[in-house]
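Containing PDB, C-alpha atoms: work-v2.pdb.
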```pdb
ATOM      1  CA  GLU A 256      27.686  26.770  10.957
ATOM      2  CA  ALA A 257      27.518  27.490   7.248
ATOM      3  CA  SER A 258      31.014  28.969   7.360
ATOM      4  CA  ASP A 259      32.554  25.795   8.826
ATOM      5  CA  ASP A 260      34.851  23.792   6.577
ATOM      6  CA  CYS A 261      33.273  20.373   7.018
ATOM      7  CA  VAL A 262      31.537  17.430   5.387
ATOM      8  CA  THR A 263      27.754  17.282   5.545
ATOM      9  CA  MET A 264      25.944  13.976   5.082
ATOM     10  CA  MET A 265      22.259  14.141   4.297
ATOM     11  CA  THR A 266      19.495  12.407   2.482
ATOM     12  CA  ILE A 267      18.655  13.532  -1.006
ATOM     13  CA  HIS A 268      15.214  14.616   0.219
ATOM     14  CA  SER A 269      16.784  17.075   2.645
ATOM     15  CA  ALA A 270      19.126  18.446  -0.051
ATOM     16  CA  LYS A 271      16.299  19.776  -2.219
ATOM     17  CA  GLY A 272      16.777  23.487  -2.840
ATOM     18  CA  LEU A 273      20.343  23.500  -1.465
ATOM     19  CA  GLU A 274      23.654  23.693  -3.305
ATOM     20  CA  PHE A 275      27.141  22.645  -2.278
ATOM     21  CA  PRO A 276      30.574  23.267  -3.776
ATOM     22  CA  VAL A 277      31.241  19.527  -4.103
ATOM     23  CA  VAL A 278      28.760  16.634  -3.974
ATOM     24  CA  TYR A 279      29.449  12.906  -3.680
ATOM     25  CA  VAL A 280      26.652  10.534  -4.652
ATOM     26  CA  VAL A 281      27.489   6.976  -3.626
ATOM     27  CA  GLY A 282      25.658   3.702  -4.131
ATOM     28  CA  MET A 283      24.624   4.283  -7.733
ATOM     29  CA  GLU A 284      23.804   0.611  -8.226
ATOM     30  CA  GLU A 285      20.676  -1.267  -9.201
ATOM     31  CA  GLY A 286      18.815  -2.308  -6.074
ATOM     32  CA  ILE A 287      20.274   0.596  -4.116
ATOM     33  CA  PHE A 288      19.553   3.601  -6.328
ATOM     34  CA  PRO A 289      17.022   2.919  -7.674
ATOM     35  CA  GLY A 290      15.992   0.844  -4.713
ATOM     36  CA  ALA A 291      14.822  -2.720  -5.082
ATOM     37  CA  SER A 292      11.202  -1.726  -4.379
ATOM     38  CA  ALA A 293      11.199   0.582  -7.429
ATOM     39  CA  GLN A 294      12.344  -2.102  -9.858
ATOM     40  CA  TYR A 295       8.834  -3.128 -10.878
ATOM     41  CA  ASP A 296       6.795  -0.009 -10.126
ATOM     42  CA  GLN A 297       7.075   2.610 -12.896
ATOM     43  CA  GLU A 298       5.724   5.443 -10.742
ATOM     44  CA  GLU A 299       8.174   4.698  -7.926
ATOM     45  CA  LEU A 300      11.002   4.327 -10.445
ATOM     46  CA  GLU A 301      10.275   7.782 -11.871
ATOM     47  CA  GLU A 302      10.243   9.263  -8.357
ATOM     48  CA  GLU A 303      13.677   7.725  -7.757
ATOM     49  CA  ARG A 304      14.825   9.175 -11.104
ATOM     50  CA  ARG A 305      13.665  12.627  -9.947
ATOM     51  CA  LEU A 306      15.592  12.143  -6.709
ATOM     52  CA  ALA A 307      18.703  11.197  -8.682
ATOM     53  CA  PHE A 308      18.327  14.414 -10.670
ATOM     54  CA  VAL A 309      18.061  16.371  -7.410
ATOM     55  CA  ALA A 310      21.225  14.725  -6.083
ATOM     56  CA  LEU A 311      23.218  15.326  -9.253
ATOM     57  CA  THR A 312      22.191  18.969  -9.563
ATOM     58  CA  ARG A 313      23.216  20.044  -6.048
ATOM     59  CA  ALA A 314      26.885  20.444  -7.038
ATOM     60  CA  GLU A 315      28.236  23.886  -7.881
ATOM     61  CA  LYS A 316      31.816  22.956  -8.841
ATOM     62  CA  GLY A 317      32.398  19.230  -8.507
ATOM     63  CA  LEU A 318      30.258  16.107  -8.663
ATOM     64  CA  TYR A 319      31.522  12.617  -7.886
ATOM     65  CA  ILE A 320      29.301   9.628  -8.615
ATOM     66  CA  SER A 321      30.339   6.179  -7.474
ATOM     67  CA  GLU A 322      29.188   2.614  -7.761
ATOM     68  CA  ALA A 323      30.906  -0.297  -6.119
ATOM     69  CA  ASP A 324      32.700  -2.767  -8.290
ATOM     70  CA  GLY A 325      31.950  -5.747  -6.084
ATOM     71  CA  ARG A 326      29.112  -4.947  -3.700
ATOM     72  CA  ASN A 327      26.679  -7.783  -3.166
ATOM     73  CA  PHE A 328      24.223  -8.231  -0.368
ATOM     74  CA  ASP A 329      22.544 -11.407  -1.507
ATOM     75  CA  GLY A 330      25.400 -13.181  -3.268
ATOM     76  CA  THR A 331      24.884 -11.550  -6.655
ATOM     77  CA  PRO A 332      26.930  -8.623  -7.978
ATOM     78  CA  ARG A 333      25.106  -5.331  -8.449
ATOM     79  CA  ASP A 334      24.921  -3.659 -11.846
ATOM     80  CA  PRO A 335      25.525   0.089 -12.135
ATOM     81  CA  SER A 336      22.387   2.196 -11.748
ATOM     82  CA  ARG A 337      20.289   2.614 -14.886
ATOM     83  CA  PHE A 338      20.228   6.314 -14.015
ATOM     84  CA  LEU A 339      23.896   6.545 -14.994
ATOM     85  CA  LEU A 340      22.818   5.799 -18.559
ATOM     86  CA  ASP A 341      20.771   9.017 -18.540
ATOM     87  CA  ILE A 342      23.953  11.106 -18.280
ATOM     88  CA  ASP A 343      25.676  12.175 -21.493
ATOM     89  CA  ARG A 344      28.975  10.266 -21.477
ATOM     90  CA  ASN A 345      30.749  13.364 -22.832
ATOM     91  CA  LEU A 346      30.054  15.039 -19.495
ATOM     92  CA  LEU A 347      31.751  12.279 -17.504
ATOM     93  CA  ALA A 348      35.356  11.545 -16.609
ATOM     94  CA  PHE A 349      36.039   7.997 -15.457
ATOM     95  CA  THR A 350      38.661   7.011 -12.905
ATOM     96  CA  ARG A 351      38.685   3.512 -14.363
ATOM     97  CA  PRO A 352      37.559   2.209 -17.756
ATOM     98  CA  PRO A 353      33.729   2.279 -18.004
TER      99      PRO A 353
END
```
Could I get this structure in the form of structure tokens?
Amino acid sequence: EASDDCVTMMTIHSAKGLEFPVVYVVGMEEGIFPGASAQYDQEELEEERRLAFVALTRAEKGLYISEADGRNFDGTPRDPSRFLLDIDRNLLAFTRPP
């Protein structure tokens, strides 16, 4: 129910048009968001950028964006998502030095 005090997990696609008091966007790392398949396809990369915008604009009061410091699936560390560079740093508060 909409009145329930609970956590809702969903894909970004299903969040289009909805708003939430607080939004957590996790996995903001190259190869995850944007996905590895978008790395070399400009059209797919721009679609992922639009999806990132959708995710970041669903929050009414609080937005938390995270990227792992040590995630690696193939033995190499992941860099933070290039989409994070699109956000004005004056709008961000870091929980650790950037």
(Q) Show me, as number ranges by chain, the residues that have an atom within 12 Å of Gly272 of chain A when counting all atoms listed in the file, minus same-chain residues fewer than 4 positions from it. (A) A: 267-268, 309-310, 312-314
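Our summary of the geometry notes that atom CA of Ala323 of chain A is positioned 23.3 Å from atom CA of Glu299 of chain A.
Each of A:Ala348, A:Leu306, A:Leu339, A:Met265 was compared to Tyr279 of chain A using all atoms listed in the file, and A:Met265 turns out to be the nearest.
From atom CA of Leu347 of chain A back to atom CA of Ser321 of chain A, the distance works out to 11.8 Å.
The space between atom CA of Leu318 of chain A and atom CA of Val280 of chain A spans 7.8 Å.
Closest to Phe349 of chain A among A:Ile320, A:Glu298, A:Gly325, A:Pro332 is A:Ile320, based on all atoms listed in the file.
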Q: Find, counting all atoms listed in the file, the residue in A:Glu322, A:Asp334, A:Asp329, A:Asp343 that gets nearest to Val281 of chain A.
A: A:Glu322
Axis-aligned box for all listed atoms of segment 282-288 of chain A, 6 Å per side, centre and edges in Å to one decimal, as JSON:
```
{"center_x": 22.2, "center_y": 1.0, "center_z": -6.7, "size_x": 18.8, "size_y": 18.6, "size_z": 17.1}
```
Q: Go through A:Val278, A:Leu273, A:Ala291, A:Met283 and flag the residue nearest Leu340 of chain A, using all atoms listed in the file for the distances.
A: A:Met283
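The shortest atom-to-atom distance to Leu300 of chain A, with only C-alpha atoms taken into account, belongs to A:Ser336 out of A:Ser336, A:Ala270, A:Asp324, A:Gly282.
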Q | For Glu302 of chain A, the nearest of the candidates A:Glu274, A:Lys316, A:Met264, A:Phe338, counting all atoms listed in the file | A | A:Phe338
**Q.** Spatial neighbours of Arg337 of chain A, 8 Å, all atoms listed in the file, chain gap at least 2 places, as an MDAnalysis selection string
**A.** chainID A and resid 284:285 289 335 339:341
